[in-house]
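Participant: The structure file my_file_26.txt (compact mmCIF, C-alpha atoms) is provided below.
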# COMPACT_ATOMS: atom_id res chain seq x y z
CA MET Y 212 -107.17 117.38 49.18
CA ARG Y 213 -104.16 119.38 50.21
CA ASN Y 214 -101.02 117.57 51.21
CA HIS Y 215 -100.61 118.35 54.91
CA ARG Y 216 -97.10 116.96 54.98
CA GLN Y 217 -95.79 119.75 52.80
CA SER Y 218 -93.49 122.15 54.55
CA GLU Y 219 -94.64 125.74 55.05
CA PRO Y 220 -92.36 127.22 52.31
CA ASP Y 221 -93.43 124.46 49.88
CA ARG Y 222 -97.08 125.17 50.60
CA LEU Y 223 -96.51 128.90 50.15
CA ARG Y 224 -94.80 128.32 46.80
CA ARG Y 225 -97.56 125.96 45.66
CA ASP Y 226 -100.33 128.43 46.55
CA ALA Y 227 -98.35 131.26 44.95
CA ARG Y 228 -98.06 129.23 41.72
CA ILE Y 229 -101.81 128.48 41.71
CA ALA Y 230 -102.61 132.13 42.41
CA GLY Y 231 -100.46 133.19 39.47
CA LEU Y 232 -97.69 134.84 41.45
CA ARG Y 233 -94.59 134.03 39.44
CA ASP Y 234 -91.05 134.46 40.78
CA PHE Y 235 -92.44 134.26 44.29
CA GLN Y 236 -89.16 134.39 46.18
CA THR Y 237 -89.87 136.95 48.87
CA PRO Y 238 -93.28 136.41 50.45
CA SER Y 239 -95.20 139.60 50.79
CA LEU Y 240 -98.78 140.33 51.78
CA GLU Y 241 -98.73 143.38 49.53
CA ALA Y 242 -97.89 141.24 46.46
CA VAL Y 243 -100.78 138.92 47.31
CA GLU Y 244 -103.19 141.85 47.69
CA GLN Y 245 -102.01 143.30 44.39
CA ARG Y 246 -102.51 139.94 42.69
CA ARG Y 247 -106.02 139.69 44.23
CA ARG Y 248 -107.00 143.11 42.88
CA GLN Y 249 -105.56 142.24 39.48
CA LEU Y 250 -107.39 138.90 39.42
CA TRP Y 251 -110.78 140.35 40.25
CA GLN Y 252 -110.35 143.35 37.94
CA ARG Y 253 -109.60 141.04 35.02
CA THR Y 254 -112.38 138.64 35.98
CA ALA Y 255 -114.86 141.50 36.33
CA THR Y 256 -113.84 142.90 32.92
CA ALA Y 257 -114.17 139.49 31.24
CA LEU Y 258 -117.55 138.85 32.90
CA ALA Y 259 -118.74 142.33 31.84
CA VAL Y 260 -117.81 141.56 28.23
CA ILE Y 261 -119.62 138.23 28.42
CA ALA Y 262 -122.67 139.91 29.96
CA ALA Y 263 -122.62 142.52 27.16
CA VAL Y 264 -122.53 139.77 24.53
CA VAL Y 265 -125.41 137.96 26.25
CA VAL Y 266 -127.42 141.20 26.37
CA ALA Y 267 -126.64 141.83 22.69
CA PHE Y 268 -127.98 138.39 21.89
CA ALA Y 269 -131.06 139.13 23.97
CA ILE Y 270 -131.93 142.29 22.01
CA ILE Y 271 -131.51 140.64 18.64
CA PRO Y 272 -134.98 139.99 17.14
CA SER Y 273 -136.29 136.65 18.34
CA ASN Y 274 -136.69 135.12 14.86
CA ARG Y 275 -132.95 135.46 14.33
CA LEU Y 276 -132.33 133.43 17.52
CA GLN Y 277 -134.07 130.55 15.91
CA GLU Y 278 -131.30 130.34 13.37
CA ALA Y 279 -129.09 127.32 13.74
CA GLY Y 280 -126.02 127.81 15.94
CA THR Y 281 -127.01 131.00 17.74
CA GLY Y 282 -128.34 129.25 20.85
CA ARG Y 283 -125.27 127.06 20.93
CA ILE Y 284 -122.98 130.11 20.81
CA LEU Y 285 -124.93 131.68 23.64
CA PHE Y 286 -124.60 128.46 25.65
CA VAL Y 287 -120.84 128.36 25.04
CA ILE Y 288 -120.47 132.01 26.08
CA VAL Y 289 -122.38 131.48 29.31
CA GLY Y 290 -120.31 128.32 29.92
CA VAL Y 291 -117.09 130.28 29.41
CA GLY Y 292 -118.37 132.89 31.89
CA GLY Y 293 -119.12 130.21 34.49
CA GLY Y 294 -115.74 128.57 33.90
CA LEU Y 295 -114.00 131.90 34.25
CA PHE Y 296 -115.74 132.52 37.56
CA LEU Y 297 -114.75 129.08 38.86
CA TRP Y 298 -111.17 129.67 37.74
CA ALA Y 299 -111.09 133.01 39.59
CA PHE Y 300 -112.62 131.37 42.66
CA HIS Y 301 -109.91 128.66 42.62
CA LYS Y 302 -107.23 131.36 42.45
CA GLU Y 303 -108.94 133.31 45.23
CA THR Y 304 -108.89 130.25 47.49
CA ALA Y 305 -105.13 129.93 46.97
CA LEU Y 306 -104.72 133.66 47.62
CA GLU Y 307 -106.68 133.35 50.85
CA ARG Y 308 -104.43 130.52 52.02
CA LEU Y 309 -101.40 132.60 51.09
CA THR Y 310 -102.73 135.59 53.01
CA ARG Y 311 -103.27 133.42 56.09
CA SER Y 312 -99.82 131.86 55.88
CA LEU Y 313 -98.11 135.19 55.30
CA THR Y 314 -100.04 136.79 58.18
CA ASP Y 315 -98.88 133.91 60.40
CA GLU Y 316 -95.29 134.47 59.30
CA ARG Y 317 -95.65 138.18 60.01
CA VAL Y 318 -97.04 137.42 63.49
CA LEU Y 319 -94.11 135.11 64.21
CA THR Y 320 -91.62 137.69 63.01
CA ALA Y 321 -93.27 140.38 65.14
CA ALA Y 322 -93.26 138.08 68.21
CA LEU Y 323 -89.57 137.36 67.68
CA THR Y 324 -88.79 141.04 67.17
CA ASN Y 325 -90.67 141.98 70.35
CA ARG Y 326 -88.86 139.31 72.32
CA LEU Y 327 -85.50 140.48 70.98
CA HIS Y 328 -86.40 144.05 71.88
CA GLU Y 329 -87.31 143.03 75.43
CA VAL Y 330 -84.15 140.96 75.85
CA SER Y 331 -82.07 143.80 74.47
CA LEU Y 332 -83.68 146.31 76.88
CA LEU Y 333 -83.09 143.97 79.81
CA LEU Y 334 -79.50 143.39 78.72
CA ASP Y 335 -78.89 147.13 78.46
CA ALA Y 336 -80.48 147.70 81.86
CA GLY Y 337 -78.34 144.87 83.31
CA LYS Y 338 -75.17 146.41 81.85
CA GLN Y 339 -76.05 149.83 83.23
CA MET Y 340 -76.81 148.42 86.67
CA ASN Y 341 -73.64 146.36 86.78
CA ALA Y 342 -71.59 149.43 85.88
CA HIS Y 343 -72.34 150.90 89.34
CA LEU Y 344 -71.15 149.79 92.72
CA GLN Y 345 -72.03 152.97 94.58
CA MET Y 346 -75.44 152.31 96.09
CA ASP Y 347 -77.03 155.71 95.44
CA GLU Y 348 -75.96 155.73 91.79
CA LEU Y 349 -77.12 152.16 91.37
CA LEU Y 350 -80.55 152.79 92.89
CA ASP Y 351 -81.04 155.80 90.65
CA THR Y 352 -80.09 153.69 87.60
CA ILE Y 353 -82.45 150.88 88.66
CA LEU Y 354 -85.39 153.23 89.04
CA ARG Y 355 -84.76 155.13 85.82
CA SER Y 356 -84.22 151.92 83.82
CA ALA Y 357 -87.43 150.39 85.22
CA CYS Y 358 -89.42 153.52 84.35
CA GLU Y 359 -87.90 153.56 80.85
CA LEU Y 360 -88.62 149.87 80.32
CA LEU Y 361 -92.27 150.23 81.30
CA ASP Y 362 -93.00 153.82 80.25
CA ALA Y 363 -93.66 154.61 83.89
CA THR Y 364 -93.76 158.18 85.21
CA GLY Y 365 -92.32 157.51 88.61
CA GLY Y 366 -91.67 155.05 91.35
CA SER Y 367 -89.41 154.21 94.24
CA VAL Y 368 -86.88 151.73 95.54
CA MET Y 369 -87.24 150.58 99.13
CA LEU Y 370 -84.51 148.64 100.91
CA VAL Y 371 -84.83 146.34 103.89
CA GLU Y 372 -83.39 147.66 107.14
CA GLU Y 373 -83.96 145.16 109.94
CA THR Y 374 -87.77 144.89 110.18
CA ASP Y 375 -88.50 147.98 108.10
CA LEU Y 376 -88.63 149.01 104.49
CA VAL Y 377 -86.98 152.37 103.85
CA THR Y 378 -87.54 154.43 100.72
CA VAL Y 379 -84.03 155.19 99.54
CA CYS Y 380 -84.72 156.48 96.06
CA ALA Y 381 -87.81 158.01 94.46
CA LEU Y 382 -88.80 159.49 91.14
CA GLY Y 383 -91.79 161.80 90.82
CA ARG Y 384 -92.29 162.13 94.61
CA ASP Y 385 -89.07 163.20 96.28
CA ALA Y 386 -90.80 163.64 99.65
CA ALA Y 387 -91.07 159.87 99.90
CA VAL Y 388 -87.30 159.45 100.38
CA GLY Y 389 -86.51 158.44 103.93
CA GLN Y 390 -90.02 157.20 104.75
CA ARG Y 391 -90.15 153.93 106.66
CA MET Y 392 -92.79 151.27 106.93
CA ARG Y 393 -92.82 147.96 108.69
CA LEU Y 394 -92.58 144.74 106.72
CA GLY Y 395 -96.14 143.63 106.06
CA GLU Y 396 -97.56 147.16 105.99
CA GLY Y 397 -99.12 148.60 102.85
CA VAL Y 398 -98.61 147.27 99.34
CA ALA Y 399 -94.80 147.24 99.46
CA GLY Y 400 -94.83 145.56 102.87
CA TYR Y 401 -97.22 142.91 101.55
CA VAL Y 402 -94.93 142.31 98.56
CA ALA Y 403 -91.91 142.06 100.85
CA ILE Y 404 -93.55 139.46 103.10
CA ARG Y 405 -95.20 137.44 100.33
CA ARG Y 406 -92.33 137.92 97.87
CA ASP Y 407 -94.91 138.02 95.10
CA PRO Y 408 -95.21 140.80 92.51
CA VAL Y 409 -98.42 142.82 92.82
CA LEU Y 410 -100.30 144.78 90.18
CA ILE Y 411 -102.64 147.51 91.44
CA ASP Y 412 -105.28 148.76 89.02
CA GLY Y 413 -107.52 151.38 90.57
CA HIS Y 414 -107.85 151.72 94.34
CA ALA Y 415 -105.82 149.30 96.45
CA ASP Y 416 -107.93 147.32 98.89
CA PRO Y 417 -107.08 148.31 102.52
CA ASP Y 418 -108.39 144.91 103.71
CA LEU Y 419 -105.83 143.14 101.54
CA PHE Y 420 -103.04 145.56 102.44
CA PRO Y 421 -103.22 146.42 106.16
CA GLY Y 422 -101.59 149.71 107.08
CA LEU Y 423 -102.15 151.09 103.60
CA VAL Y 424 -101.67 154.85 103.45
CA LEU Y 425 -103.42 156.59 100.55
CA ARG Y 426 -100.97 158.87 98.85
CA GLU Y 427 -101.21 162.14 97.00
CA PRO Y 428 -101.18 162.41 94.05
CA TYR Y 429 -103.42 159.39 93.52
CA VAL Y 430 -101.89 156.68 91.29
CA GLU Y 431 -104.31 154.81 89.02
CA SER Y 432 -102.08 151.89 88.20
CA ALA Y 433 -98.91 150.71 89.91
CA MET Y 434 -96.73 147.65 90.31
CA SER Y 435 -94.56 146.44 93.18
CA VAL Y 436 -92.04 143.66 92.88
CA PRO Y 437 -89.72 142.16 95.48
CA LEU Y 438 -85.95 142.44 95.06
CA VAL Y 439 -84.79 138.98 96.06
CA HIS Y 440 -81.30 137.59 95.59
CA ARG Y 441 -80.38 134.07 96.70
CA ALA Y 442 -83.55 133.83 98.76
CA GLU Y 443 -82.63 137.02 100.62
CA LEU Y 444 -84.99 139.98 100.41
CA GLN Y 445 -83.11 143.14 99.46
CA GLY Y 446 -86.09 145.44 99.06
CA VAL Y 447 -89.05 146.36 96.91
CA LEU Y 448 -89.24 148.17 93.58
CA ASN Y 449 -92.38 150.21 92.88
CA VAL Y 450 -93.38 151.88 89.60
CA ASN Y 451 -96.37 154.08 88.76
CA ALA Y 452 -98.18 154.32 85.43
CA PRO Y 453 -98.83 157.66 83.76
CA ILE Y 454 -102.38 159.07 83.91
CA GLY Y 455 -104.70 157.22 81.57
CA ARG Y 456 -102.56 154.13 81.27
CA SER Y 457 -102.97 150.86 83.14
CA PHE Y 458 -100.24 148.34 83.64
CA THR Y 459 -101.04 144.75 82.71
CA GLU Y 460 -99.92 141.32 83.90
CA TYR Y 461 -97.57 141.39 80.92
CA ASP Y 462 -95.85 144.52 82.31
CA LEU Y 463 -95.71 142.88 85.73
CA ARG Y 464 -93.87 139.88 84.31
CA ALA Y 465 -91.36 142.19 82.57
CA LEU Y 466 -90.78 144.11 85.82
CA ALA Y 467 -90.34 140.87 87.77
CA VAL Y 468 -87.64 139.72 85.31
CA PHE Y 469 -85.99 143.14 85.58
CA ALA Y 470 -86.15 142.96 89.39
CA GLU Y 471 -84.10 139.74 89.43
CA GLN Y 472 -81.18 141.59 87.83
CA ALA Y 473 -81.75 144.64 90.00
CA ALA Y 474 -81.67 142.49 93.16
CA LEU Y 475 -78.34 140.99 92.12
CA ALA Y 476 -76.90 144.46 91.51
CA VAL Y 477 -78.18 145.68 94.92
CA ALA Y 478 -76.67 142.63 96.65
CA ASN Y 479 -73.33 143.29 94.94
CA ALA Y 480 -73.42 146.96 95.90
CA ARG Y 481 -74.23 146.05 99.51
CA LEU Y 482 -71.34 143.60 99.55
CA TYR Y 483 -69.08 146.29 98.14
CA GLU Y 484 -70.27 148.78 100.78
CA ALA Y 485 -69.68 146.22 103.53
CA GLU Y 486 -66.18 145.47 102.23
CA ARG Y 487 -65.35 149.17 102.03
CA ALA Y 488 -66.60 149.69 105.56
CA HIS Y 489 -64.50 146.72 106.68
CA VAL Y 490 -61.38 148.07 105.00
CA ALA Y 491 -62.04 151.54 106.46
CA ALA Y 492 -62.37 150.01 109.93
CA LEU Y 493 -59.09 148.09 109.50
CA LEU Y 494 -57.30 151.21 108.27
CA ASP Y 495 -58.67 153.14 111.22
CA LEU Y 496 -57.46 150.45 113.60
CA ARG Y 497 -54.01 150.53 112.04
CA LYS Y 498 -53.85 154.31 112.36
CA LYS Y 499 -54.81 154.11 116.00
CA ARG Y 500 -52.19 151.41 116.63
CA GLU Y 501 -49.50 153.45 114.89
CA ALA Y 502 -50.50 156.56 116.84
CA GLY Y 503 -50.58 154.66 120.13
CA MET W 86 -114.35 115.31 45.32
CA VAL W 87 -114.54 115.17 49.10
CA VAL W 88 -113.50 118.44 50.68
CA HIS W 89 -111.91 117.97 54.10
CA HIS W 90 -112.41 121.01 56.25
CA ARG W 91 -109.59 121.29 58.73
CA PRO W 92 -110.77 123.18 61.78
CA ARG W 93 -108.98 126.47 62.13
CA VAL W 94 -107.65 127.37 65.57
CA LEU W 95 -106.27 130.79 66.36
CA ILE W 96 -103.28 130.59 68.72
CA VAL W 97 -102.89 133.84 70.63
CA GLU W 98 -99.51 133.86 72.34
CA ASP W 99 -96.69 136.39 72.57
CA ASP W 100 -93.88 133.91 73.07
CA PRO W 101 -92.43 132.96 69.66
CA ASP W 102 -91.18 129.56 70.87
CA THR W 103 -94.60 128.58 72.20
CA LEU W 104 -96.23 129.81 68.99
CA VAL W 105 -94.00 127.58 66.90
CA ILE W 106 -94.41 124.55 69.19
CA LEU W 107 -98.20 124.89 69.24
CA ARG W 108 -98.32 125.41 65.48
CA ILE W 109 -96.30 122.25 64.81
CA ASN W 110 -98.29 120.12 67.25
CA LEU W 111 -101.72 121.36 66.22
CA THR W 112 -100.88 120.94 62.53
CA ALA W 113 -99.85 117.36 63.27
CA ALA W 114 -103.16 116.87 65.09
CA GLY W 115 -105.07 117.82 61.96
CA VAL W 116 -105.88 121.40 62.89
CA GLU W 117 -105.10 124.41 60.74
CA PRO W 118 -103.42 126.86 63.10
CA MET W 119 -103.58 130.62 62.73
CA LEU W 120 -101.33 132.87 64.79
CA ALA W 121 -101.67 136.12 66.71
CA GLY W 122 -98.95 137.61 68.89
CA ASP W 123 -101.05 140.25 70.64
CA GLY W 124 -104.62 141.04 71.59
CA ARG W 125 -105.29 143.51 68.80
CA THR W 126 -104.22 141.07 66.08
CA ALA W 127 -106.29 138.37 67.76
CA ILE W 128 -109.47 140.46 67.66
CA GLU W 129 -108.83 141.46 64.05
CA ARG W 130 -108.28 137.87 62.94
CA ILE W 131 -111.28 136.55 64.86
CA GLU W 132 -113.50 139.17 63.21
CA ALA W 133 -112.05 138.73 59.73
CA GLU W 134 -111.47 134.99 59.57
CA SER W 135 -113.89 133.44 62.10
CA PRO W 136 -111.70 130.62 63.43
CA ASP W 137 -113.34 127.49 64.87
CA ALA W 138 -111.66 128.00 68.26
CA VAL W 139 -109.20 130.29 70.00
CA LEU W 140 -106.32 129.28 72.27
CA LEU W 141 -105.85 132.44 74.29
CA ASP W 142 -102.88 133.24 76.49
CA VAL W 143 -103.76 135.87 79.10
CA LEU W 144 -100.35 137.52 79.21
CA LEU W 145 -100.14 139.61 76.05
CA PRO W 146 -98.60 142.96 75.20
CA GLY W 147 -101.05 145.84 74.78
CA ILE W 148 -104.57 144.42 74.98
CA ASP W 149 -104.19 141.39 77.22
CA GLY W 150 -106.04 138.07 77.02
CA TRP W 151 -108.69 139.09 79.57
CA GLN W 152 -109.54 142.19 77.56
CA VAL W 153 -109.80 140.09 74.40
CA LEU W 154 -112.14 137.71 76.21
CA GLU W 155 -114.19 140.62 77.56
CA GLN W 156 -114.56 142.11 74.08
CA LEU W 157 -115.63 138.80 72.57
CA HIS W 158 -118.08 138.27 75.42
CA ALA W 159 -119.52 141.77 75.04
CA LYS W 160 -120.01 141.28 71.31
CA GLY W 161 -121.56 137.87 71.86
CA ASP W 162 -119.03 136.27 69.53
CA PRO W 163 -119.74 132.52 69.58
CA VAL W 164 -116.14 131.42 69.00
CA PRO W 165 -115.11 128.93 71.73
CA VAL W 166 -112.12 130.21 73.70
CA ILE W 167 -109.65 128.06 75.62
CA VAL W 168 -107.85 130.23 78.15
CA CYS W 169 -104.19 129.45 78.87
CA SER W 170 -102.78 130.99 82.01
CA GLY W 171 -99.83 130.59 84.31
CA LYS W 172 -102.10 131.13 87.31
CA ASP W 173 -103.77 128.18 88.93
CA ASN W 174 -106.35 129.86 91.12
CA MET W 175 -110.12 129.87 91.51
CA HIS W 176 -110.42 133.60 90.89
CA ASP W 177 -109.01 133.41 87.36
CA LEU W 178 -110.86 130.18 86.66
CA GLN W 179 -114.14 131.81 87.67
CA ARG W 180 -113.31 134.93 85.67
CA ALA W 181 -112.71 132.81 82.56
CA ARG W 182 -115.96 130.96 83.14
CA ASP W 183 -117.91 134.20 83.61
CA LEU W 184 -116.50 135.54 80.36
CA GLY W 185 -117.68 132.48 78.49
CA ALA W 186 -114.42 130.56 78.05
CA VAL W 187 -114.98 126.89 77.35
CA ALA W 188 -111.79 125.61 78.98
CA TYR W 189 -108.99 126.81 81.23
CA LEU W 190 -105.53 125.32 80.93
CA VAL W 191 -102.76 126.04 83.39
CA LYS W 192 -99.25 126.60 82.07
CA PRO W 193 -96.92 124.85 81.67
CA PHE W 194 -99.45 122.60 80.00
CA ASP W 195 -99.09 119.08 78.78
CA ILE W 196 -99.20 119.32 75.00
CA ASP W 197 -101.23 116.11 74.66
CA ARG W 198 -103.84 117.46 77.05
CA LEU W 199 -103.95 120.73 75.13
CA ILE W 200 -104.49 118.90 71.83
CA GLU W 201 -107.13 116.70 73.45
CA VAL W 202 -109.07 119.70 74.79
CA THR W 203 -108.68 121.64 71.53
CA SER W 204 -109.86 118.69 69.44
CA GLU W 205 -112.82 118.21 71.73
CA VAL W 206 -113.80 121.87 71.54
CA VAL W 207 -113.38 122.04 67.78
CA GLY W 208 -115.06 118.69 67.21
CA LEU W 209 -118.11 119.70 69.20
CA ARG W 210 -118.34 122.99 67.39
CA LEU W 211 -118.10 121.38 63.98
CA THR W 212 -120.52 118.54 64.54
CA ASP W 213 -122.96 120.36 66.73
CA PRO W 214 -123.06 124.04 65.88
CA VAL W 215 -126.01 124.66 68.20
CA THR W 216 -124.13 123.45 71.24
CA GLU W 217 -124.77 125.99 73.92
CA ARG W 218 -121.84 128.12 74.70
CA GLY W 219 -120.01 126.98 77.77
CA THR W 220 -121.28 123.42 77.88
CA VAL W 221 -118.00 122.15 76.46
CA ALA W 222 -116.55 123.60 79.58
CA GLY W 223 -117.55 120.43 81.33
CA THR W 224 -114.11 119.13 80.39
CA GLU W 225 -112.26 121.84 82.25
CA LEU W 226 -114.43 124.47 83.80
CA ALA W 227 -117.10 122.44 85.50
Please go through the file and, once you have read it, give me the structure as structure tokens.
Facilitator:
Amino acid sequence: MRNHRQSEPDRLRRDARIAGLRDFQTPSLEAVEQRRRQLWQRTATALAVIAAVVVAFAIIPSNRLQEAGTGRILFVIVGVGGGLFLWAFHKETALERLTRSLTDERVLTAALTNRLHEVSLLLDAGKQMNAHLQMDELLDTILRSACELLDATGGSVMLVEETDLVTVCALGRDAAVGQRMRLGEGVAGYVAIRRDPVLIDGHADPDLFPGLVLREPYVESAMSVPLVHRAELQGVLNVNAPIGRSFTEYDLRALAVFAEQAALAVANARLYEAERAHVAALLDLRKKREAG
Amino acid sequence: MVVHHRPRVLIVEDDPDTLVILRINLTAAGVEPMLAGDGRTAIERIEAESPDAVLLDVLLPGIDGWQVLEQLHAKGDPVPVIVCSGKDNMHDLQRARDLGAVAYLVKPFDIDRLIEVTSEVVGLRLTDPVTERGTVAGTELA
């Protein structure tokens, strides 16, 4: 029975030793496959030789087989063949375990690499967004970064203005800029009220999204996420998938994480705009006082 | 010599931390874990290595967990699947049931409960291979 308390590297080394992989320092699936081919080539060759010897014995005239020792030799040869097969099978079992363990390690490495890639993309997007305080530049950066992150072809950013959502930036459908819809209307309005990300695959249901306006060109797959900072709704970010591709829940989660950073950047830009407007008003007042 | 067959469970999960945690805990519970970080790898490993059960996260890059479940269902693959999802709603629960999943666990799950359900699913499969698909669901999906 295998010792389950062995650590993963110990188990790998043990299986590698059994399988005949010497100097097994760097685990590699390719080395295991090579060893497997080598093992079965050698085993097949040895078994072919044994089979040839057995056949040779079979075609020898039967009276000669009666001679003392011939049957015993045949028995030993067949025994060696069986033993060889069992030996190869034992090695194959170890190779199978190695393949499984190495595949697991490869899966873990790939998962870590993917996660690092995602984090790095989000970090880059965060840096780019935080580099802007001018609202129009920021919104353009948000939309482009979101599309880049999700391989989307277009989308829009809508900001809250009193009880409306206003499209302030769009990619792929410039005519949308300036359009208004009431909170609660359509997909974006639903997202704004519920503050829940929504994934649309195929036709959106007008019963679920009252006030839904079907747009041209038709979008097969789209996502809408709320931009919320400190419990305050800033707007909604929408992205559209290219033709033939559908977004998944996985993409929706990535966009929702991205939207958290985007919402913070929008809140900062709004604060900056408000401060600038405040300063401009004070300067204006001072000018008027000096003039008067 | 008595050969102890450790049930093999394929963990399909994209989060590396969860993969490692589940691997450690399932190994300690006497299960031989196998790993897949995406739907494509999961399907390949299920076809090639026929695990005794699959712990399937629905949020996966590329082919997601639902698509994996749909493919297995369409092929009539008898491997019992335990669906792990962050959504606690009847729609997803029903969807999992319709696609032949034997259990539905809501994330964040209690690791003891997960091991309990996994052991039950694997144990039933090993001792009673003719158990009708879906009846194990009584633990979670009934």
Participant: Between W:Arg182, W:Lys192, W:Lys172, W:His158, single out the one closest to chain Y, counting only C-alpha atoms.
Facilitator: W:Lys172
Participant: Could you check which residues have any atom within 12 Å of (-105.0, 150.1, 89.0), counting all atoms listed in the file with coordinates taken straight from the file, and then list them as a list in words?
Facilitator: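 Counting all atoms listed in the file, I find these residues within 12 Å of (-105.0, 150.1, 89.0): Val409, Leu410, Ile411, Asp412, Gly413, His414, Ala415, Asp416, Tyr429, Val430, Glu431, Ser432, Ala433, Met434, Ser435, Val450, Asn451, Ala452, Pro453, Ile454, Gly455, Arg456, Ser457, Phe458, Thr459 and Glu460 of chain Y.
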Participant: For chain W, report every residue with an atom at most 9 Å from chain Y (counting only C-alpha atoms), formatted as a CSV table (one decimal) with C-alpha atoms, keeping the file's coordinate frame.
Facilitator:
chain,number,residue,atom,x,y,z
W,86,MET,CA,-114.4,115.3,45.3
W,87,VAL,CA,-114.5,115.2,49.1
W,88,VAL,CA,-113.5,118.4,50.7
W,89,HIS,CA,-111.9,118.0,54.1
W,98,GLU,CA,-99.5,133.9,72.3
W,99,ASP,CA,-96.7,136.4,72.6
W,100,ASP,CA,-93.9,133.9,73.1
W,101,PRO,CA,-92.4,133.0,69.7
W,102,ASP,CA,-91.2,129.6,70.9
W,104,LEU,CA,-96.2,129.8,69.0
W,105,VAL,CA,-94.0,127.6,66.9
W,112,THR,CA,-100.9,120.9,62.5
W,113,ALA,CA,-99.8,117.4,63.3
W,115,GLY,CA,-105.1,117.8,62.0
W,118,PRO,CA,-103.4,126.9,63.1
W,119,MET,CA,-103.6,130.6,62.7
W,120,LEU,CA,-101.3,132.9,64.8
W,121,ALA,CA,-101.7,136.1,66.7
W,122,GLY,CA,-99.0,137.6,68.9
W,123,ASP,CA,-101.0,140.2,70.6
W,126,THR,CA,-104.2,141.1,66.1
W,143,VAL,CA,-103.8,135.9,79.1
W,144,LEU,CA,-100.4,137.5,79.2
W,145,LEU,CA,-100.1,139.6,76.0
W,146,PRO,CA,-98.6,143.0,75.2
W,147,GLY,CA,-101.0,145.8,74.8
W,148,ILE,CA,-104.6,144.4,75.0
W,149,ASP,CA,-104.2,141.4,77.2
Participant: Place a sphere of radius 10 Å on (-113.0, 128.1, 66.8) in the file coordinates and name every protein, DNA or RNA residue with an atom inside or on its surface, counting all atoms listed in the file; give the answer as a list in words.
Facilitator: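 Protein and nucleic acid residues near the point are Pro92, Arg93, Val94, Leu95, Ile131, Ser135, Pro136, Asp137, Ala138, Val139, Leu140, Pro163, Val164, Pro165, Val166, Ile167, Thr203, Val206, Val207, Gly208, Arg210 and Leu211 of chain W.
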Participant: Within 9 Å of Cys380 (chain Y), counting all atoms listed in the file, which residues show up once you throw out same-chain ones fewer than 3 positions away? Write them as a compact mmCIF listing (two decimals) with C-alpha atoms, in the coordinates of the input, please.
Facilitator:
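Saved file part_1.txt follows:
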# COMPACT_ATOMS: atom_id res chain seq x y z
CA ASP Y 347 -77.03 155.71 95.44
CA LEU Y 350 -80.55 152.79 92.89
CA ASP Y 351 -81.04 155.80 90.65
CA LEU Y 354 -85.39 153.23 89.04
CA GLY Y 366 -91.67 155.05 91.35
CA SER Y 367 -89.41 154.21 94.24
CA VAL Y 368 -86.88 151.73 95.54
CA MET Y 369 -87.24 150.58 99.13
CA ASP Y 385 -89.07 163.20 96.28
CA ALA Y 387 -91.07 159.87 99.90
CA VAL Y 388 -87.30 159.45 100.38
CA GLY Y 389 -86.51 158.44 103.93
Participant: Do you know which residues are at most 10 Å from Gln390 (chain Y) counting only C-alpha atoms, after dropping those on the same chain fewer than 4 positions away, and could you put them as a PyMOL selection string?
Facilitator: chain Y and resi 369+375-379+386
Participant: Excluding same-chain residues fewer than 6 positions from Ile288 (chain Y), what lies within 9 Å of it counting all atoms listed in the file, as a ChimeraX atom specification?
Facilitator: /Y:261,264-265
Participant: Using C-alpha atoms, can you export the residues from the last selection as a PDB file, keeping the file's coordinate frame?
Facilitator:
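Writing the result to again.pdb gives the following:
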ATOM      1  CA  ILE Y 261    -119.620 138.230  28.420  1.00  0.00           C
ATOM      2  CA  VAL Y 264    -122.530 139.770  24.530  1.00  0.00           C
ATOM      3  CA  VAL Y 265    -125.410 137.960  26.250  1.00  0.00           C
TER       4      VAL Y 265
END
Participant: What does the distance from CA of Ala114 (chain W) to CA of Thr310 (chain Y) come to in Å, to one decimal?
Facilitator: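 A separation of 22.3 Å between them.
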